[in-house]
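A.B. asks: Quick one: the structure is below, questions incoming.
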Amino acid sequence: MLKELKAGEKVCQAVIIRLQKVGNSSNGGVFAKGMAEDNSGRIQFIAFEKGIVNTLRNLEGPQPMMVAGAVDIVKYSQDMALQIIIQKLDPVVPADDISNLLPMGNFDKDAYLDKFNSLIGQVKTPSLHQLLMRIFSEPFLSAFLKNPAGMKMHHAYSGGLLKHTVDVAELALAMAHTVGNVDKDLVLTGALLHDIGKVKEISAAVGFPYTTEGRLLGHISISALLVKKAADEIKLPLNQLQWLEHIILSHHGEQDKGSPIACATKESFLVHYADEVNAVMNQFEDQEKHHTWVFNRMLQRYLFLD
Ligand SMILES: [Fe+2]
Ligand SMILES: [Fe+2]
């Protein structure tokens, strides 16, 4: 983390690079300087090595990069400001850890992981439990745990999909208890799986861009395809699969809200309403604005944030 760096230390991590100046130094060499940023803060950087200066010069705007270098006090600085002297600079590749660049949700991820595991454990129908264990296994599980649930509209932070999924499952289960005479295992399985396609729809990279697969298929179809694939592998009985697919395909409620089919079972209505309640309540979560009316783009109205 940039905030914790001290003079004399080495640094090697992902940062957002913002180039400010490229110039010639008094000894005839070149230099480039600017700001390096991560979730914790920002720090100046400078580079003298020709290849690195060229890489920096060719960046189109602020970019995530892997940087290695030494931390030093800026020469002639009044306030003992620190800077990174860049010794190595590479583009970010998928294997790199860039979690320090992504917005982090203000929630206890470990507590949510416990809740998630306990919800899976509550599904007692063996075939549905087996399906969940099959889908939530590596490497998919790790991707699911760090994905956002939205780009901007809701849960747009690392781990947002986990939080949204757990909250929807708990809300749907609570409603199922009150309503009575519904298949709770089906509600729970449907709720836990309803948005899994977002793992492939929205990339967990900086900016949470949509993937090509996401743009072409959308998360509702992708979720249904992932469930179908795993169901075939474990030979889930067709009637269970279809009732589950219905929950996933209808979770936006109506066809004009993006679902290919409107809710037609009690279980599908419960997951849909839980999803809607959670997405709407999330619009009230703003860490900066309090006791004020703010226009909300998703709901197209002013909301009072307390
Ligand atoms: Fe969804
Ligand atoms: Fe959802």
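Chain labels run A, B, ... following the order of the structure tokens; each chain numbers its residues from 1, and ligands are numbered from 1 in the order shown.
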Based on DSSP run over this structure's backbone, return all residues of stretch 68-233 of chain A in strand (DSSP E), as an NGL selection string.
C.D. replies: :A and (68-73 or 82-91)
A.B. asks: Restrict the selected residues to C-alpha atoms and save them as an mmCIF file, in the first residue's frame.
C.D. replies:
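Result written to result.cif:
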```cif
data_model
loop_
_atom_site.group_PDB
_atom_site.id
_atom_site.type_symbol
_atom_site.label_atom_id
_atom_site.label_comp_id
_atom_site.auth_asym_id
_atom_site.auth_seq_id
_atom_site.Cartn_x
_atom_site.Cartn_y
_atom_site.Cartn_z
ATOM 1 C CA ALA A 68 9.031 -1.712 -8.917
ATOM 2 C CA GLY A 69 11.452 0.773 -7.463
ATOM 3 C CA ALA A 70 12.978 2.478 -4.456
ATOM 4 C CA VAL A 71 11.295 4.946 -2.134
ATOM 5 C CA ASP A 72 13.205 8.133 -1.471
ATOM 6 C CA ILE A 73 12.688 11.674 -0.204
ATOM 7 C CA LEU A 82 8.337 10.793 -0.685
ATOM 8 C CA GLN A 83 8.718 9.597 -4.241
ATOM 9 C CA ILE A 84 9.208 6.300 -6.015
ATOM 10 C CA ILE A 85 12.235 6.074 -8.255
ATOM 11 C CA ILE A 86 10.927 3.645 -10.836
ATOM 12 C CA GLN A 87 13.322 0.852 -11.762
ATOM 13 C CA LYS A 88 10.896 -1.455 -13.515
ATOM 14 C CA LEU A 89 7.556 -0.748 -15.175
ATOM 15 C CA ASP A 90 5.274 -3.312 -16.805
ATOM 16 C CA PRO A 91 1.697 -3.417 -18.030
#
```
A.B. asks: Within 10 Å of ligand 2, which residues show up when you count only C-alpha atoms and all ligand atoms? List them as a ChimeraX atom specification, please.
C.D. replies: /A:149-150,154-155,161,164-165,167-169,191-196,198,219-220,248,251-252,271-279
A.B. asks: Give me, please, the distance in Å between atom CA of A:Asp232 and atom CA of A:Gln255, quoted to one decimal.
C.D. replies: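 Separation between atom CA of A:Asp232 and atom CA of A:Gln255: 26.8 Å.
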A.B. asks: Tell me, as a PyMOL selection string, which residues lie within 12 Å of stretch 181-186 of chain A, counting only C-alpha atoms; anything in the same chain fewer than 2 positions away does not count.
C.D. replies: chain A and resi 119-129+131-132+169-179+188-194+239-248+265-271
A.B. asks: Excluding A:Glu288 and residues on its chain fewer than 5 positions from it, collect all residues at most 12 Å away from it, counting only C-alpha atoms, and give them as an MDAnalysis selection string.
C.D. replies: chainID A and resid 294 305:306
A.B. asks: Could you jot down the atom CA of A:Phe31 to atom CA of A:Ala47 separation for me, Å, one decimal place?
C.D. replies: 5.5 Å
A.B. asks: Write out as a list in words the residues lying within 8 Å of A:Phe208, counting only C-alpha atoms and excluding same-chain residues fewer than 2 positions away.
C.D. replies: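 Once the adjacent positions are removed, what remains is Pro148, Gly150, Met151, Ala156, Ile202, Ser203, Ala204, Ala205, Val206 and Tyr210 of chain A.
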A.B. asks: Could you name the residues that touch stretch 108-118 of chain A at 8 Å or less, counting only C-alpha atoms, but leaving out those on the same chain fewer than 4 positions away, as a PyMOL selection string?
C.D. replies: chain A and resi 122+159+162-163+166
A.B. asks: Restricting the output to N, CA and C atoms, write the selected residues as a PDB file, in the first residue's frame.
C.D. replies:
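What follows is the written file again.pdb:
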```
ATOM      1  N   GLN A 122     -27.407 -24.838   4.189  1.00  0.00           N
ATOM      2  CA  GLN A 122     -28.831 -24.971   4.539  1.00  0.00           C
ATOM      3  C   GLN A 122     -29.651 -25.653   3.451  1.00  0.00           C
ATOM      4  N   GLY A 159     -15.983  -7.710  -4.398  1.00  0.00           N
ATOM      5  CA  GLY A 159     -16.749  -8.444  -3.380  1.00  0.00           C
ATOM      6  C   GLY A 159     -18.224  -8.103  -3.392  1.00  0.00           C
ATOM      7  N   LEU A 162     -20.618 -11.039  -4.035  1.00  0.00           N
ATOM      8  CA  LEU A 162     -20.793 -11.894  -2.846  1.00  0.00           C
ATOM      9  C   LEU A 162     -21.811 -11.261  -1.896  1.00  0.00           C
ATOM     10  N   LYS A 163     -21.639  -9.975  -1.625  1.00  0.00           N
ATOM     11  CA  LYS A 163     -22.532  -9.297  -0.678  1.00  0.00           C
ATOM     12  C   LYS A 163     -23.969  -9.305  -1.211  1.00  0.00           C
ATOM     13  N   VAL A 166     -25.515 -12.906  -1.039  1.00  0.00           N
ATOM     14  CA  VAL A 166     -25.863 -13.323   0.323  1.00  0.00           C
ATOM     15  C   VAL A 166     -27.096 -12.560   0.806  1.00  0.00           C
TER      16      VAL A 166
END
```
A.B. asks: I want to know what sits within 8 Å of A:Leu56, based on only C-alpha atoms, with residues of the same chain fewer than 4 positions away left out; could you give that as a ChimeraX atom specification?
C.D. replies: /A:19,32,52
A.B. asks: Could you please take those selected residues and save N, CA and C atoms as a JSON list (two decimals), in the first residue's frame?
C.D. replies:
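Result written to part_11.json:
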```json
[["chain", "number", "residue", "atom", "x", "y", "z"],
["A", 19, "LEU", "N", 1.02, 10.37, -15.61],
["A", 19, "LEU", "CA", 2.22, 11.08, -16.06],
["A", 19, "LEU", "C", 1.97, 12.58, -16.04],
["A", 32, "ALA", "N", 11.06, 11.31, -16.40],
["A", 32, "ALA", "CA", 9.60, 11.44, -16.46],
["A", 32, "ALA", "C", 9.11, 11.45, -15.03],
["A", 52, "ILE", "N", 12.06, 3.12, -19.65],
["A", 52, "ILE", "CA", 10.90, 3.39, -18.80],
["A", 52, "ILE", "C", 10.28, 4.74, -19.16]]
```
A.B. asks: To test your reading of the structure, identify every residue in stretch 7-230 of chain A that backbone DSSP assigns to helix (DSSP H, G or I), and report it as a PyMOL selection string.
C.D. replies: chain A and resi 50-57+99-101+109-122+126-135+140-146+160-179+184-193+198-201+212-230
